[in-house]
Amino acid sequence: MLLMVSPAFFKLGRVNIMIRLILVSVFLILFLILSVPIMGLEWILRKYNPHAADLSSLRVVQWAFKVILFLAGTDITVLGEERVPKDQAVLYVPNHQSYFDIVITYSRCPNLTGYISKDSMEKVPLLSIWMKRLHCLFLNRSDMKEGLKMILTGIEKIKNGISICIFPEGTRNPHPDDGMMPFKEGSLKMAEKSGCPIIPIAISNSHNIWESHMPFIRRCHVIVEYGEPIYLKDLDKAQRKFSGAYTQSVIRKMLENHKDLL
């Protein structure tokens, strides 16, 4: 028997996903504007207790990201989170399908964490201030000298107990169903030079929140899995030489296992 669905049903669904886009957009704009006084209070706090100010920024932004995920209707299954060390800084290495990857992963960071971002984000009003407060680093892809300087800064942050998250594909993958784009080998230099563990993160289906059907935001089930920590010093010579490819292979295996869970 052929199931008949009225045009009104599709119209209602379209309205719902448009409402999610509006709610997320309005909340983000209001947060950036209304958080200005919080920035001021944290600026004062930072003069007396920088670590407390950092933790305040972390928790405020994590709260905002959790609200965004709620408004977007994103259902997240988290696997292996207990594998993330809580007593040391790490280098998080996820695959990259969506802008929401940042929202999803940052909302779960147990400790201070800065993200590597393209330098154009440094020009976005208010948002760039929060990013700097959160120890984010801005990468100029066209300037090798600036890129090296950014890596050295990231190494220093890790040594000071601040984790870093980098997306080694370099940008969002426009065709995630076809697999990951190659990992840039230099992206793991911060782990190599600092000796910190790499935490591979496999993210499945996040592109279906927004990117796969722009401009609408749809209710979506996303899987986030944290792999076992990778210590480069424990790998054999070939694996260390191509640590990006090795880490990608670990993530690829996790993504394969997600197919039965979506």
# chains A, B, ... in the order shown; residues from 1 in each chain; ligands from 1
>>> residues_around(residues="Leu79 in chain A", least_positions_apart="2", cutoff="9 Å", atoms="only C-alpha atoms", output="PDB file with N, CA and C atoms, in the first residue's frame")
ATOM      1  N   THR A  77      25.909  10.632  20.601  1.00  0.00           N
ATOM      2  CA  THR A  77      26.379   9.426  21.285  1.00  0.00           C
ATOM      3  C   THR A  77      27.890   9.556  21.449  1.00  0.00           C
ATOM      4  N   GLU A  81      35.107   8.349  26.022  1.00  0.00           N
ATOM      5  CA  GLU A  81      35.547   9.614  26.614  1.00  0.00           C
ATOM      6  C   GLU A  81      36.455   9.396  27.827  1.00  0.00           C
ATOM      7  N   GLU A  82      36.314   8.242  28.465  1.00  0.00           N
ATOM      8  CA  GLU A  82      37.151   7.939  29.626  1.00  0.00           C
ATOM      9  C   GLU A  82      38.617   7.746  29.243  1.00  0.00           C
ATOM     10  N   ILE A 223      27.754  10.700  16.197  1.00  0.00           N
ATOM     11  CA  ILE A 223      28.576   9.841  17.049  1.00  0.00           C
ATOM     12  C   ILE A 223      29.965  10.456  17.175  1.00  0.00           C
ATOM     13  N   VAL A 224      30.434  10.564  18.408  1.00  0.00           N
ATOM     14  CA  VAL A 224      31.777  11.069  18.692  1.00  0.00           C
ATOM     15  C   VAL A 224      32.503  10.007  19.499  1.00  0.00           C
ATOM     16  N   GLU A 225      33.638   9.541  18.976  1.00  0.00           N
ATOM     17  CA  GLU A 225      34.394   8.513  19.677  1.00  0.00           C
ATOM     18  C   GLU A 225      35.838   8.968  19.894  1.00  0.00           C
ATOM     19  N   TYR A 226      36.289   8.837  21.142  1.00  0.00           N
ATOM     20  CA  TYR A 226      37.659   9.158  21.505  1.00  0.00           C
ATOM     21  C   TYR A 226      38.474   7.859  21.508  1.00  0.00           C
ATOM     22  N   GLY A 227      39.556   7.842  20.743  1.00  0.00           N
ATOM     23  CA  GLY A 227      40.395   6.653  20.667  1.00  0.00           C
ATOM     24  C   GLY A 227      41.409   6.587  21.794  1.00  0.00           C
TER      25      GLY A 227
END
>>> select_by_dssp(residues="range 30-250 of chain A", states="alpha helix (DSSP H)", output="MDAnalysis selection string")
chainID A and resid 30:34 36:48 50:72 100:106 127:133 144:159 189:194 237:241 243:250
>>> residues_around(residues="Ser163 in chain A", least_positions_apart="6", cutoff="12 Å", atoms="only C-alpha atoms", output="VMD selection string")
chain A and resid 84 to 93 106 109 to 116 134 to 137 153 to 157 190 to 191 194 196 to 199
>>> residues_around(residues="Asp54 in chain A", least_positions_apart="4", cutoff="9 Å", atoms="only C-alpha atoms", output="ChimeraX atom specification")
/A:42,46,49-50,58-59,112,133-135
>>> closest_residue(among="A:Met131, A:Leu71, A:Val61, A:Leu139", to="Ser107 in chain A", atoms="only C-alpha atoms")
A:Val61
>>> closest_atom_pairs(of="range 92-186 of chain A", to="range 206-216 of chain A", cutoff="12 Å", atoms="only C-alpha atoms", output="Markdown table")
| residue | atom | partner | partner_atom | distance |
| --- | --- | --- | --- | --- |
| A:Asn95 | CA | A:Ser206 | CA | 10.5 |
| A:His96 | CA | A:Ser206 | CA | 8.8 |
| A:Gln97 | CA | A:His207 | CA | 5.3 |
| A:Ser98 | CA | A:His207 | CA | 5.0 |
| A:Tyr99 | CA | A:Glu211 | CA | 8.2 |
| A:Phe100 | CA | A:Ser206 | CA | 6.7 |
| A:Asp101 | CA | A:Ser206 | CA | 6.7 |
| A:Ile102 | CA | A:Ser206 | CA | 10.4 |
| A:Val103 | CA | A:Ser206 | CA | 10.5 |
| A:Ile104 | CA | A:Ser206 | CA | 9.0 |
| A:Thr105 | CA | A:Ser206 | CA | 11.2 |
| A:Arg172 | CA | A:His207 | CA | 9.3 |
| A:Asn173 | CA | A:His207 | CA | 9.0 |
| A:Pro174 | CA | A:Glu211 | CA | 8.4 |
| A:His175 | CA | A:His207 | CA | 9.2 |
| A:Pro176 | CA | A:His207 | CA | 7.7 |
| A:Asp177 | CA | A:His207 | CA | 9.6 |
>>> closest_residue(among="A:Ile76, A:Ala202, A:Met121, A:Ala53", to="Glu256 in chain A", atoms="only C-alpha atoms")
A:Ala202
>>> closest_residue(among="A:Leu152, A:Ser128, A:Gly244, A:Ser142", to="Glu169 in chain A", atoms="only C-alpha atoms")
A:Gly244
>>> residues_around(residues="Arg141 in chain A", least_positions_apart="6", cutoff="10 Å", atoms="only C-alpha atoms", output="list in words")
Lys118, Asp119, Gly147 and Gly170 of chain A
>>> closest_residue(among="A:Phe183, A:Phe31, A:Tyr48, A:Tyr246", to="Trp130 in chain A", atoms="only C-alpha atoms")
A:Phe31
>>> closest_residue(among="A:Leu261, A:Leu45, A:Val250, A:Ala245", to="Met181 in chain A", atoms="only C-alpha atoms")
A:Ala245
>>> select_by_dssp(residues="range 31-83 of chain A", states="strand (DSSP E or B)", output="list in words")
Thr74, Asp75, Ile76, Thr77, Val78 and Leu79 of chain A
>>> residues_around(residues="Ser35 in chain A", least_positions_apart="6", cutoff="12 Å", atoms="only C-alpha atoms", output="ChimeraX atom specification")
/A:27-29,41-42,57,60-61,64,126-127,129-130
